[in-house]
Amino acid sequence: MVMTVLMALGAVGAVLPLLGRGKHTGRVRWAHLCMGIVMASMVAFGTDPSMALISILALVAVAVHVTADVPNRTRSIPCAVDLTCMAVLLMMLPPMHSHAESQATTRHRHGVEADPRIIAALLLVGWMAVTIHLLRTNPPGRRVTAGSALMILGMAPMAF
């Protein structure tokens, strides 16, 4: 229940920058809509591996598309950061197929293995740090920053 509420807040955060004045270019609008759809699909379908794969592909494609918006770098950079961090967090989801789990348990492992939850938590902290840095150095606006913060909160269940 809490996970669903957090992801729903993330979906709201994704489209929050679109509310109000229309200073965004078409690329930035599409990027925010894509993030909103991905967050809403996570609310509806959870962390289904096939939905995660489709979401990752969409997020990466839109991140590449939005960074080509050269005249509007102030608005496109925070979008690209959000899109990329969301895609990386979705890539870190554990495989949910029973066949993958059985192979992992029968393999003999060597060395130290990092806990993916720690890496996800570090990515969330880094994402927040970049968002704060962008707010201080190149102010994208309060709605953009609040939207990023809500998306970070919405993606936090991926770390736990």
# chains A, B, ... in the order shown; residues from 1 in each chain; ligands from 1

$ residues_around --residues "Leu134 in chain A" --least-positions-apart "6" --cutoff "12 Å" --atoms "only C-alpha atoms" --output "count of residues only"
17

$ residues_around --residues "Ala40 in chain A" --least-positions-apart "6" --cutoff "10 Å" --atoms "only C-alpha atoms" --output "PDB file with C-alpha atoms, in the first residue's frame"
ATOM      1  CA  THR A   4       1.719   2.215  -4.357  1.00  0.00           C
ATOM      2  CA  MET A   7       4.744   5.536  -6.834  1.00  0.00           C
ATOM      3  CA  ALA A   8       1.512   7.515  -7.344  1.00  0.00           C
ATOM      4  CA  LEU A   9       3.258  10.566  -5.856  1.00  0.00           C
ATOM      5  CA  GLY A  10       6.078   9.939  -8.313  1.00  0.00           C
ATOM      6  CA  ALA A  11       3.582   9.968 -11.190  1.00  0.00           C
ATOM      7  CA  VAL A  12       2.228  13.305  -9.960  1.00  0.00           C
ATOM      8  CA  ALA A  14       6.533  13.581 -13.231  1.00  0.00           C
ATOM      9  CA  CYS A  34       6.815   9.606 -20.574  1.00  0.00           C
ATOM     10  CA  GLY A  46       3.990  -3.189 -10.170  1.00  0.00           C
TER      11      GLY A  46
END

$ closest_residue --among "A:Ala52, A:Val5, A:Leu33, A:Ile152" --to "Val125 in chain A" --atoms "only C-alpha atoms"
A:Ile152

$ closest_residue --among "A:Ala159, A:Gly20, A:Met39, A:His65" --to "Ile119 in chain A" --atoms "only C-alpha atoms"
A:Ala159

$ select_by_dssp --residues "range 12-54 of chain A" --states "alpha helix (DSSP H)" --output "number ranges by chain"
A: 12-15, 26-45, 49-54

$ atom_distance --atom1 "CA of Ala120 in chain A" --atom2 "CA of Asp69 in chain A"
28.7 Å

$ atom_distance --atom1 "CA of Leu16 in chain A" --atom2 "CA of Val60 in chain A"
20.6 Å

$ atom_distance --atom1 "CA of Gly126 in chain A" --atom2 "CA of Ala61 in chain A"
21.9 Å

$ residues_around --residues "Val15 in chain A" --least-positions-apart "4" --cutoff "8 Å" --atoms "only C-alpha atoms" --output "list in words"
Ala11, Leu19, His32, Leu33, Met35, Gly36 and Gly147 of chain A

$ closest_residue --among "A:Met155, A:Val28, A:Ala114, A:Val130" --to "Asn72 in chain A" --atoms "only C-alpha atoms"
A:Val28

$ residues_around --residues "Phe160 in chain A" --least-positions-apart "5" --cutoff "9 Å" --atoms "only C-alpha atoms" --output "list in words"
Arg117, Ile118, Ala120 and Ala121 of chain A
